[in-house]
There are 2 protein chains.
Amino acid sequence: MRIGELSARTGASVRMLRYYEEQGLLTPVRTESGYRIYQESDVDRVARIRCMLSAALPSGVVGQALRFLLDGRAAIPDEPADRARLADTLQGELDLLTEKIESLRSSRDLLATIVADVRGDVVGPGHPGDPGGGVARRSVRKAGPAVGLAR
Amino acid sequence: MRIGELSARTGASVRMLRYYEEQGLLTPVRTESGYRIYQESDVDRVARIRCMLSAALPSGVVGQALRFLLDGRAAIPDEPADRARLADTLQGELDLLTEKIESLRSSRDLLATIVADVRGDVVGPGHPGDPGGGVARRSVRKAGPAVGLAR
DNA sequence: CTAAAGCCTCACACCGACGTTAGAGTCAAG
DNA sequence: CTTGACTCTAACGTCGGTGTGAGGCTTTAG
């Protein structure tokens with residue numbers, strides 16, 4: 001498919017798609033006239049790219065990850081040493097991401113209780129409904145460590 | 001404490017701290033000579049700010065959410081109507097945050113799978129060219145709609 | 001008192017991830 | 001063949017988050 005269709009099907013703008021290519025995250029083939037031709041699998045790929053970028057993952061990591069994710073393990077280095085280094089790098093990102101998530105979760109829980117407070121009057125033993133939100137629990141650890149400082 | 005100390009204790013640069021203030025995320029008092037004076041609690045606050053920003057949360061969310069996250073319910077309006085609108089706003093941000101977290105989790109799962117692939121077996125007795133199945137399952141929900149597409 | 005640190009306010013610079021516009025080629029339909 | 005939708009490249013603009021430097025007070029140590 002051409003870029004317009006991919007754009008429509010992914011929700012990413014044409015500009016974004018070209019940008020991703022520029023960054024080496026997409027590699028469409030070209031027609032003789034220069035038009036980009038994408039594969040079905042690129043629909044998925046774009047979704048993943050956007051997901052990871054929106055997670056503020058370093059674009060380098062996004063690139064590496066995507067290569068392994070979508071190009072199969074063909075790109076995994078043979079040399080055990082290389083593999084180890086690669087794995088360590090990715091593991092580092094993974095740990096950072098996990099930290100971030102935990103910290104965000106605590107923020108979300110806190111926010112949820114505040115919403116509950118605002119909505120259902122101040123904290124009380126009685127419970128004012130609380131239908132929609134499955135999230136609004138009342139047990140919130142008062143933002144103790146909850147800290148996710150980064151590098 | 002003054003800005004230098006806060007910077008040292010949080011790892012955020014002085015520039016960043018002033019920027020956060022500019023964005024309304026920090027509101028230090030001033031000495032007569034204009035020096036910013038921060039509270040102990042600002043150490044925590046900065047940590048949280050950095051976490052949310054590093055997760056690429058829309059700054060609007062960070063801003064409003066933070067005010068209530070960290071100032072507790074001090075700022076909750078009396079008027080029921082105001083409270084209702086506020087609750088709705090916060091609920092929206094809460095939903096966004098939840099979405100974001102889900103997106104991050106899916107990215108993390110993806111990354112975890114890849115790390116496992118790189119680290120673990122890989123070219124075992126099996127073989128390349130095996131049917132797509134391959135190494136990538138391992139308790140990871142195949143990141144189906146791993147899409148965190150957002151506005 | 002004086003020098004060194006620390007802080008202040010601009011204000012310009014930069015990078016990533018886009019948006020937007022301009023000028024030109026391509027393609028399917030009428 | 002012409003029109004209009006689609007695409008191309010190239011380049012400039014924008015916005016958030018920071019770095020960096022200039023020029024000038026304030027505080028602290030000796």
# chains A, B, ... in the order shown; residues from 1 in each chain; ligands from 1
call {"tool": "residues_around", "arguments": {"residues": "Arg15 (chain B)", "least_positions_apart": "4", "cutoff": "12 Å", "atoms": "only C-alpha atoms (C1' of nucleotides)", "output": "mmCIF file with N, CA and C atoms (P, O5', C5', C4', C3', O3' and C1' of nucleotides), in the first residue's frame"}}
result
data_model
loop_
_atom_site.group_PDB
_atom_site.id
_atom_site.type_symbol
_atom_site.label_atom_id
_atom_site.label_comp_id
_atom_site.auth_asym_id
_atom_site.auth_seq_id
_atom_site.Cartn_x
_atom_site.Cartn_y
_atom_site.Cartn_z
ATOM 1 N N ILE B 3 18.014 27.031 45.807
ATOM 2 C CA ILE B 3 17.899 26.249 44.575
ATOM 3 C C ILE B 3 19.065 25.289 44.342
ATOM 4 N N GLY B 4 20.234 25.709 44.767
ATOM 5 C CA GLY B 4 21.402 24.864 44.564
ATOM 6 C C GLY B 4 21.277 23.551 45.306
ATOM 7 N N LEU B 6 18.512 22.130 46.390
ATOM 8 C CA LEU B 6 17.432 21.320 45.825
ATOM 9 C C LEU B 6 17.931 20.609 44.567
ATOM 10 N N SER B 7 18.688 21.343 43.797
ATOM 11 C CA SER B 7 19.252 20.754 42.590
ATOM 12 C C SER B 7 20.134 19.560 42.923
ATOM 13 N N GLY B 11 18.900 16.052 41.673
ATOM 14 C CA GLY B 11 19.545 15.691 40.424
ATOM 15 C C GLY B 11 19.039 16.530 39.264
ATOM 16 N N TYR B 19 12.586 26.293 35.403
ATOM 17 C CA TYR B 19 11.601 26.029 34.349
ATOM 18 C C TYR B 19 10.316 25.460 34.942
ATOM 19 N N TYR B 20 10.436 24.561 35.861
ATOM 20 C CA TYR B 20 9.255 23.974 36.486
ATOM 21 C C TYR B 20 8.443 25.058 37.190
ATOM 22 N N GLU B 21 9.144 25.989 37.780
ATOM 23 C CA GLU B 21 8.437 27.089 38.428
ATOM 24 C C GLU B 21 7.684 27.905 37.379
ATOM 25 N N GLU B 22 8.369 28.164 36.290
ATOM 26 C CA GLU B 22 7.769 28.933 35.204
ATOM 27 C C GLU B 22 6.479 28.270 34.738
ATOM 28 P P DC C 7 22.654 28.440 44.811
ATOM 29 O "O5'" DC C 7 21.954 29.768 44.296
ATOM 30 C "C5'" DC C 7 21.466 30.701 45.242
ATOM 31 C "C4'" DC C 7 20.987 31.954 44.542
ATOM 32 C "C3'" DC C 7 20.070 31.664 43.340
ATOM 33 O "O3'" DC C 7 18.727 32.045 43.632
ATOM 34 C "C1'" DC C 7 21.731 33.349 42.862
ATOM 35 P P DG D 17 7.238 19.890 28.816
ATOM 36 O "O5'" DG D 17 8.836 19.776 28.809
ATOM 37 C "C5'" DG D 17 9.436 18.604 28.280
ATOM 38 C "C4'" DG D 17 10.944 18.753 28.246
ATOM 39 C "C3'" DG D 17 11.574 19.249 29.563
ATOM 40 O "O3'" DG D 17 12.701 18.438 29.850
ATOM 41 C "C1'" DG D 17 12.338 20.551 27.777
ATOM 42 P P DT D 18 13.292 18.366 31.297
ATOM 43 O "O5'" DT D 18 14.783 18.856 31.054
ATOM 44 C "C5'" DT D 18 14.979 20.038 30.355
ATOM 45 C "C4'" DT D 18 16.304 20.054 29.647
ATOM 46 C "C3'" DT D 18 17.395 20.667 30.513
ATOM 47 O "O3'" DT D 18 18.617 19.956 30.384
ATOM 48 C "C1'" DT D 18 17.035 21.980 28.536
ATOM 49 P P DG D 19 19.842 20.503 31.289
ATOM 50 O "O5'" DG D 19 20.690 21.302 30.191
ATOM 51 C "C5'" DG D 19 21.109 20.630 29.006
ATOM 52 C "C4'" DG D 19 22.068 21.512 28.215
ATOM 53 C "C3'" DG D 19 23.178 22.166 29.037
ATOM 54 O "O3'" DG D 19 24.385 22.194 28.258
ATOM 55 C "C1'" DG D 19 21.856 23.857 28.027
ATOM 56 P P DT D 20 25.699 22.730 28.879
ATOM 57 O "O5'" DT D 20 25.644 24.280 28.519
ATOM 58 C "C5'" DT D 20 25.392 24.678 27.178
ATOM 59 C "C4'" DT D 20 25.588 26.180 27.036
ATOM 60 C "C3'" DT D 20 26.582 26.776 28.037
ATOM 61 O "O3'" DT D 20 27.469 27.630 27.329
ATOM 62 C "C1'" DT D 20 24.530 27.942 28.139
#
call {"tool": "residues_around", "arguments": {"residues": "DG4 (chain D)", "least_positions_apart": "4", "cutoff": "12 Å", "atoms": "only C-alpha atoms (C1' of nucleotides)", "output": "list in words"}}
result
DT26, DC27, DA28, DA29 and DG30 of chain C
call {"tool": "write_last_selection", "arguments": {"atoms": "N, CA and C atoms (P, O5', C5', C4', C3', O3' and C1' of nucleotides)", "output": "PDB file, in the first residue's frame"}}
result
ATOM      1  P    DT C  26       7.327  11.592 -12.966  1.00  0.00           P
ATOM      2  O5'  DT C  26       5.984  11.207 -12.205  1.00  0.00           O
ATOM      3  C5'  DT C  26       6.069  10.615 -10.913  1.00  0.00           C
ATOM      4  C4'  DT C  26       4.766   9.907 -10.573  1.00  0.00           C
ATOM      5  C3'  DT C  26       4.176   9.041 -11.676  1.00  0.00           C
ATOM      6  O3'  DT C  26       3.722   7.834 -11.063  1.00  0.00           O
ATOM      7  C1'  DT C  26       2.569  10.601 -10.945  1.00  0.00           C
ATOM      8  P    DC C  27       3.315   6.590 -11.983  1.00  0.00           P
ATOM      9  O5'  DC C  27       1.744   6.570 -11.749  1.00  0.00           O
ATOM     10  C5'  DC C  27       1.229   6.663 -10.421  1.00  0.00           C
ATOM     11  C4'  DC C  27      -0.290   6.820 -10.451  1.00  0.00           C
ATOM     12  C3'  DC C  27      -0.971   6.026 -11.563  1.00  0.00           C
ATOM     13  O3'  DC C  27      -2.110   5.370 -11.033  1.00  0.00           O
ATOM     14  C1'  DC C  27      -1.639   8.286 -11.643  1.00  0.00           C
ATOM     15  P    DA C  28      -2.662   4.081 -11.867  1.00  0.00           P
ATOM     16  O5'  DA C  28      -4.228   4.321 -11.759  1.00  0.00           O
ATOM     17  C5'  DA C  28      -4.797   4.658 -10.489  1.00  0.00           C
ATOM     18  C4'  DA C  28      -6.085   5.456 -10.686  1.00  0.00           C
ATOM     19  C3'  DA C  28      -7.062   4.819 -11.673  1.00  0.00           C
ATOM     20  O3'  DA C  28      -8.388   4.931 -11.143  1.00  0.00           O
ATOM     21  C1'  DA C  28      -6.528   7.022 -12.372  1.00  0.00           C
ATOM     22  P    DA C  29      -9.605   4.317 -12.028  1.00  0.00           P
ATOM     23  O5'  DA C  29     -10.338   5.653 -12.481  1.00  0.00           O
ATOM     24  C5'  DA C  29     -10.669   6.653 -11.496  1.00  0.00           C
ATOM     25  C4'  DA C  29     -11.364   7.826 -12.162  1.00  0.00           C
ATOM     26  C3'  DA C  29     -12.431   7.418 -13.181  1.00  0.00           C
ATOM     27  O3'  DA C  29     -13.544   8.292 -13.068  1.00  0.00           O
ATOM     28  C1'  DA C  29     -10.817   8.775 -14.233  1.00  0.00           C
ATOM     29  P    DG C  30     -14.825   7.988 -14.016  1.00  0.00           P
ATOM     30  O5'  DG C  30     -14.853   9.267 -14.935  1.00  0.00           O
ATOM     31  C5'  DG C  30     -14.892  10.569 -14.335  1.00  0.00           C
ATOM     32  C4'  DG C  30     -14.681  11.635 -15.404  1.00  0.00           C
ATOM     33  C3'  DG C  30     -15.671  11.540 -16.575  1.00  0.00           C
ATOM     34  O3'  DG C  30     -16.029  12.854 -16.984  1.00  0.00           O
ATOM     35  C1'  DG C  30     -13.472  11.421 -17.393  1.00  0.00           C
TER      36       DG C  30
END
call {"tool": "interface_residues", "arguments": {"of": "chain A", "to": "chain B", "cutoff": "8 Å", "atoms": "only C-alpha atoms", "output": "number ranges by chain"}}
result
A: 47-48, 50-52, 54-56, 65, 68-69, 73-74, 76, 83-84, 86-87, 90-91, 94, 97-98, 100-101, 103-105, 107-108, 110-112, 114-115, 117-119, 146-150
call {"tool": "write_last_selection", "arguments": {"atoms": "C-alpha atoms", "output": "compact mmCIF listing (two decimals), in the first residue's frame"}}
result
# COMPACT_ATOMS: atom_id res chain seq x y z
CA ALA A 47 1.45 1.03 15.90
CA ARG A 48 4.37 -0.30 17.87
CA ARG A 50 4.05 5.07 18.10
CA CYS A 51 3.49 3.17 21.27
CA MET A 52 7.14 3.08 22.14
CA SER A 54 4.87 7.82 23.17
CA ALA A 55 6.44 6.00 26.07
CA ALA A 56 9.42 8.27 25.67
CA ALA A 65 13.89 -3.19 19.67
CA PHE A 68 14.38 -7.65 16.73
CA LEU A 69 10.71 -7.54 17.19
CA ARG A 73 15.73 -12.89 15.44
CA ALA A 74 17.67 -12.74 12.27
CA ILE A 76 20.50 -11.13 16.82
CA ARG A 83 24.50 -10.69 22.43
CA ALA A 84 25.36 -10.14 26.04
CA LEU A 86 22.93 -6.00 23.62
CA ALA A 87 20.90 -7.79 26.21
CA LEU A 90 18.03 -3.51 26.59
CA GLN A 91 17.76 -4.79 30.12
CA LEU A 94 13.65 -2.34 30.61
CA LEU A 97 10.81 1.58 32.12
CA THR A 98 9.64 -0.62 34.95
CA LYS A 100 8.81 4.65 35.55
CA ILE A 101 5.71 2.55 35.43
CA SER A 103 6.14 5.53 39.89
CA LEU A 104 3.38 6.48 37.53
CA ARG A 105 1.12 3.90 39.04
CA SER A 107 0.79 8.84 40.98
CA ARG A 108 -2.29 7.48 39.36
CA LEU A 110 -2.99 9.14 44.34
CA LEU A 111 -4.87 11.00 41.69
CA ALA A 112 -7.64 8.47 41.85
CA ILE A 114 -8.20 12.75 45.00
CA VAL A 115 -10.82 12.41 42.35
CA ASP A 117 -12.36 12.95 47.41
CA VAL A 118 -13.52 15.70 45.17
CA ARG A 119 -16.39 13.72 43.83
CA ALA A 146 7.27 6.55 45.00
CA VAL A 147 10.20 8.19 43.42
CA GLY A 148 11.42 7.34 40.02
CA LEU A 149 14.38 9.51 39.44
CA ALA A 150 16.13 8.84 36.24
call {"tool": "closest_atom_pairs", "arguments": {"of": "chain B", "to": "chain C", "cutoff": "10 Å", "atoms": "only C-alpha atoms (C1' of nucleotides)", "output": "tab-separated table"}}
result
residue	atom	partner	partner_atom	distance
B:Arg2	CA	C:DC7	C1'	8.9
B:Ile3	CA	C:DC7	C1'	8.2
B:Gly4	CA	C:DG6	C1'	7.8
B:Ser33	CA	C:DC8	C1'	8.9
B:Gly34	CA	C:DC8	C1'	7.1
B:Tyr35	CA	C:DC7	C1'	6.4
B:Arg36	CA	C:DC7	C1'	8.6
